[in-house]
file coords11.txt (compact mmCIF, C-alpha atoms)
# COMPACT_ATOMS: atom_id res chain seq x y z
CA MET A 1 66.27 72.09 59.73
CA SER A 2 64.97 73.93 62.76
CA ASN A 3 62.26 72.40 64.93
CA LYS A 4 59.86 75.10 63.76
CA ASN A 5 60.47 74.35 60.08
CA THR A 6 60.24 70.60 60.73
CA LEU A 7 56.87 71.07 62.40
CA ILE A 8 55.66 73.34 59.58
CA PHE A 9 56.77 70.78 56.99
CA ILE A 10 55.09 67.84 58.75
CA LEU A 11 51.84 69.69 59.48
CA THR A 12 51.61 71.09 55.96
CA LEU A 13 52.38 67.71 54.38
CA THR A 14 49.76 66.01 56.56
CA ALA A 15 47.12 68.69 55.90
CA THR A 16 47.77 68.43 52.15
CA LEU A 17 47.39 64.64 52.16
CA ILE A 18 44.14 64.91 54.11
CA ALA A 19 42.78 67.67 51.85
CA ASP A 20 43.54 65.62 48.74
CA LEU A 21 41.96 62.48 50.19
CA LEU A 22 38.85 64.36 51.32
CA SER A 23 38.42 66.17 47.99
CA LYS A 24 38.60 62.87 46.08
CA HIS A 25 36.28 61.19 48.56
CA TRP A 26 33.81 64.05 48.08
CA ALA A 27 34.07 63.81 44.31
CA PHE A 28 33.51 60.04 44.39
CA TYR A 29 30.32 60.29 46.43
CA GLU A 30 28.88 63.62 45.26
CA LEU A 31 29.68 64.05 41.58
CA GLN A 32 27.21 61.87 39.74
CA GLU A 33 27.11 64.11 36.68
CA ARG A 34 28.86 67.15 35.24
CA VAL A 35 28.26 70.32 37.25
CA TRP A 36 29.26 73.65 35.73
CA ILE A 37 30.99 75.95 38.22
CA ILE A 38 31.63 78.72 35.69
CA PRO A 39 29.47 78.02 32.62
CA GLU A 40 31.45 76.91 29.57
CA PHE A 41 34.73 77.46 31.46
CA VAL A 42 35.09 75.24 34.58
CA TYR A 43 33.09 72.18 35.54
CA MET A 44 33.29 69.33 38.03
CA GLU A 45 32.87 65.74 36.90
CA LEU A 46 34.29 62.51 38.29
CA VAL A 47 36.76 60.88 35.90
CA TYR A 48 39.69 58.54 36.32
CA ASN A 49 42.98 59.43 34.70
CA ILE A 50 45.37 56.64 33.74
CA GLY A 51 47.85 59.19 32.34
CA ILE A 52 49.87 61.84 34.11
CA ALA A 53 48.91 65.31 35.32
CA PHE A 54 46.41 67.25 33.26
CA SER A 55 45.37 64.02 31.45
CA LEU A 56 48.58 63.72 29.43
CA PRO A 57 48.72 60.22 27.87
CA ILE A 58 51.69 58.46 29.50
CA THR A 59 50.59 55.16 31.10
CA GLY A 60 51.63 51.74 32.36
CA ILE A 61 54.61 50.54 34.34
CA VAL A 62 56.81 53.33 32.99
CA LEU A 63 54.52 55.89 34.62
CA LYS A 64 54.50 53.98 37.93
CA VAL A 65 58.30 53.77 37.99
CA TRP A 66 58.65 57.47 37.12
CA THR A 67 56.14 58.34 39.83
CA ILE A 68 58.20 56.55 42.47
CA VAL A 69 61.49 57.98 41.19
CA LEU A 70 60.11 61.52 41.06
CA ILE A 71 58.68 61.39 44.60
CA PHE A 72 61.94 60.03 46.03
CA ALA A 73 63.93 62.61 44.04
CA LEU A 74 61.76 65.43 45.41
CA PHE A 75 62.18 64.19 48.98
CA GLY A 76 65.93 63.83 48.44
CA TYR A 77 66.30 67.27 46.95
CA TYR A 78 64.31 68.81 49.77
CA PHE A 79 66.18 67.07 52.59
CA TYR A 80 69.63 67.59 51.10
CA GLY A 81 69.18 70.96 49.44
CA GLU A 82 66.46 72.93 51.17
CA THR A 83 66.25 72.07 54.86
CA HIS A 84 68.97 74.56 55.82
CA LYS A 85 66.95 77.55 54.60
CA LYS A 86 65.48 79.79 57.29
CA SER A 87 62.57 81.08 55.21
CA MET A 88 59.38 79.06 55.61
CA ILE A 89 58.57 79.31 51.88
CA PRO A 90 60.67 76.34 50.70
CA HIS A 91 59.45 74.19 53.58
CA ILE A 92 55.80 74.95 52.89
CA ALA A 93 56.26 74.68 49.12
CA PHE A 94 57.94 71.28 49.28
CA ALA A 95 55.43 69.99 51.84
CA MET A 96 52.58 71.05 49.57
CA ILE A 97 54.19 69.64 46.41
CA LEU A 98 55.10 66.37 48.11
CA GLY A 99 51.76 66.04 49.88
CA TRP A 100 49.83 66.47 46.64
CA ALA A 101 52.24 64.21 44.73
CA LEU A 102 52.15 61.47 47.36
CA TRP A 103 48.42 60.82 47.23
CA ASN A 104 48.35 60.94 43.43
CA GLY A 105 51.33 58.56 43.50
CA ILE A 106 49.61 56.17 45.91
CA GLU A 107 46.50 56.10 43.70
CA ARG A 108 48.56 55.61 40.55
CA ILE A 109 50.69 52.81 41.98
CA LEU A 110 47.97 50.91 43.86
CA ILE A 111 44.97 51.24 41.53
CA GLY A 112 46.54 52.41 38.27
CA LYS A 113 44.54 55.60 37.96
CA VAL A 114 44.06 58.96 39.65
CA THR A 115 40.76 60.55 40.60
CA ASP A 116 40.20 63.80 38.71
CA PHE A 117 37.18 66.05 38.95
CA ILE A 118 37.96 69.66 37.95
CA GLY A 119 37.57 70.21 34.22
CA VAL A 120 38.40 72.99 31.83
CA PRO A 121 36.88 72.09 28.44
CA TRP A 122 39.70 73.49 26.31
CA PHE A 123 42.47 72.12 28.57
CA ALA A 124 42.10 69.02 30.78
CA VAL A 125 40.42 67.36 33.71
CA MET A 126 42.52 67.57 36.86
CA ASN A 127 42.35 67.42 40.63
CA MET A 128 43.44 69.64 43.50
CA ALA A 129 46.85 67.94 43.51
CA ASP A 130 47.58 68.90 39.90
CA ILE A 131 46.64 72.50 40.61
CA GLY A 132 48.46 72.57 43.97
CA ILE A 133 51.68 71.07 42.61
CA THR A 134 51.72 73.54 39.73
CA LEU A 135 51.02 76.62 41.87
CA TRP A 136 53.47 75.72 44.63
CA ALA A 137 56.18 74.78 42.13
CA LEU A 138 55.74 78.18 40.46
CA LEU A 139 55.88 79.91 43.86
CA TYR A 140 59.03 78.00 44.75
CA ILE A 141 60.68 78.89 41.42
CA PHE A 142 59.77 82.55 41.92
CA TYR A 143 61.18 82.38 45.47
CA GLU A 144 64.40 80.76 44.25
CA LEU A 145 64.92 83.32 41.51
CA SER A 146 64.32 86.15 43.98
CA TYR A 147 66.40 84.52 46.74
CA LYS A 148 69.44 83.91 44.55
CA HIS A 149 69.15 87.35 43.00
CA THR A 150 69.18 89.15 46.37
CA SER A 151 71.78 87.04 48.19
call {"tool": "encode", "arguments": {"input": "coords11.txt", "output": "structure tokens"}}
result
Amino acid sequence: MSNKNTLIFILTLTATLIADLLSKHWAFYELQERVWIIPEFVYMELVYNIGIAFSLPITGIVLKVWTIVLIFALFGYYFYGETHKKSMIPHIAFAMILGWALWNGIERILIGKVTDFIGVPWFAVMNMADIGITLWALLYIFYELSYKHTS
């Protein structure tokens, strides 16, 4: 990995961790009741999720073990399979995915629940990490499909 890509990865990972921590800190202190952002579509409300992303009901030690395994697998895949790429997209994507996943993982392992605060009534309550992981994973998949197709 070039020095430039290393720096981009570290700065992006750090910024993502800080953004996730600050958003959850804000939610903890500011969201005392449900606040509708887009009426009947998106609201903010502080809840704690003992399941996985998007409030799916998988809990307990199995979830903690899978959290650790998944984070290590993502780091491993990135360092062994992606660091050689010159494009900044995989470096930013993996830094964002890992940054969001790390703080959710820390919360899940240390306190057994994750702070969620963005709700969609017909879907789930989530946090910035859930949204960020999903969007950056989709971007990475799109990049990979395009990259392999053109090379």
call {"tool": "closest_residue", "arguments": {"input": "coords11.txt", "among": "A:Met44, A:Leu110, A:Ala93, A:Ile50", "to": "Asn127 (chain A)", "atoms": "all atoms listed in the file"}}
result
A:Met44
call {"tool": "atom_distance", "arguments": {"input": "coords11.txt", "atom1": "CA of Tyr43 (chain A)", "atom2": "CA of Ala95 (chain A)"}}
result
27.7 Å
call {"tool": "closest_residue", "arguments": {"input": "coords11.txt", "among": "A:Tyr78, A:Trp103, A:Trp66, A:Phe94", "to": "Leu22 (chain A)", "atoms": "only C-alpha atoms"}}
result
A:Trp103
call {"tool": "closest_residue", "arguments": {"input": "coords11.txt", "among": "A:Thr14, A:Asn104, A:Ser146, A:Ser2", "to": "Lys64 (chain A)", "atoms": "only C-alpha atoms"}}
result
A:Asn104
call {"tool": "atom_distance", "arguments": {"input": "coords11.txt", "atom1": "CA of Glu30 (chain A)", "atom2": "CA of Tyr48 (chain A)"}}
result
14.9 Å
call {"tool": "closest_residue", "arguments": {"input": "coords11.txt", "among": "A:Phe79, A:Trp136, A:Phe117, A:Phe123", "to": "Trp36 (chain A)", "atoms": "all atoms listed in the file"}}
result
A:Phe117
call {"tool": "residues_around", "arguments": {"input": "coords11.txt", "residues": "Leu13 (chain A)", "least_positions_apart": "4", "cutoff": "8 Å", "atoms": "all atoms listed in the file", "output": "MDAnalysis selection string"}}
result
chainID A and resid 9 17 95:96 98:99
call {"tool": "atom_distance", "arguments": {"input": "coords11.txt", "atom1": "CA of Met88 (chain A)", "atom2": "CA of Tyr143 (chain A)"}}
result
10.8 Å
call {"tool": "closest_residue", "arguments": {"input": "coords11.txt", "among": "A:Gly112, A:Pro90, A:Gly81, A:Gly132", "to": "Val65 (chain A)", "atoms": "only C-alpha atoms"}}
result
A:Gly112
call {"tool": "closest_residue", "arguments": {"input": "coords11.txt", "among": "A:Ile92, A:Lys86, A:Ala73, A:Phe41", "to": "Ile8 (chain A)", "atoms": "only C-alpha atoms"}}
result
A:Ile92
call {"tool": "residues_near_point", "arguments": {"input": "coords11.txt", "point": "(55.9, 65.2, 41.2)", "cutoff": "10 Å", "atoms": "all atoms listed in the file", "output": "MDAnalysis selection string"}}
result
chainID A and resid 52:53 66:74 97:102 104:105 129:130 133:134 137
call {"tool": "axis_aligned_box", "arguments": {"input": "coords11.txt", "around": "region 68-87 of chain A", "padding_each_side": "5 Å", "output": "lines of an AutoDock Vina configuration file"}}
result
center_x = 63.9
center_y = 68.8
center_z = 49.2
size_x = 21.4
size_y = 34.5
size_z = 26.2
call {"tool": "residues_near_point", "arguments": {"input": "coords11.txt", "point": "(41.4, 62.3, 44.9)", "cutoff": "7 Å", "atoms": "only C-alpha atoms", "output": "PyMOL selection string"}}
result
chain A and resi 20-21+23-25+114-116+127
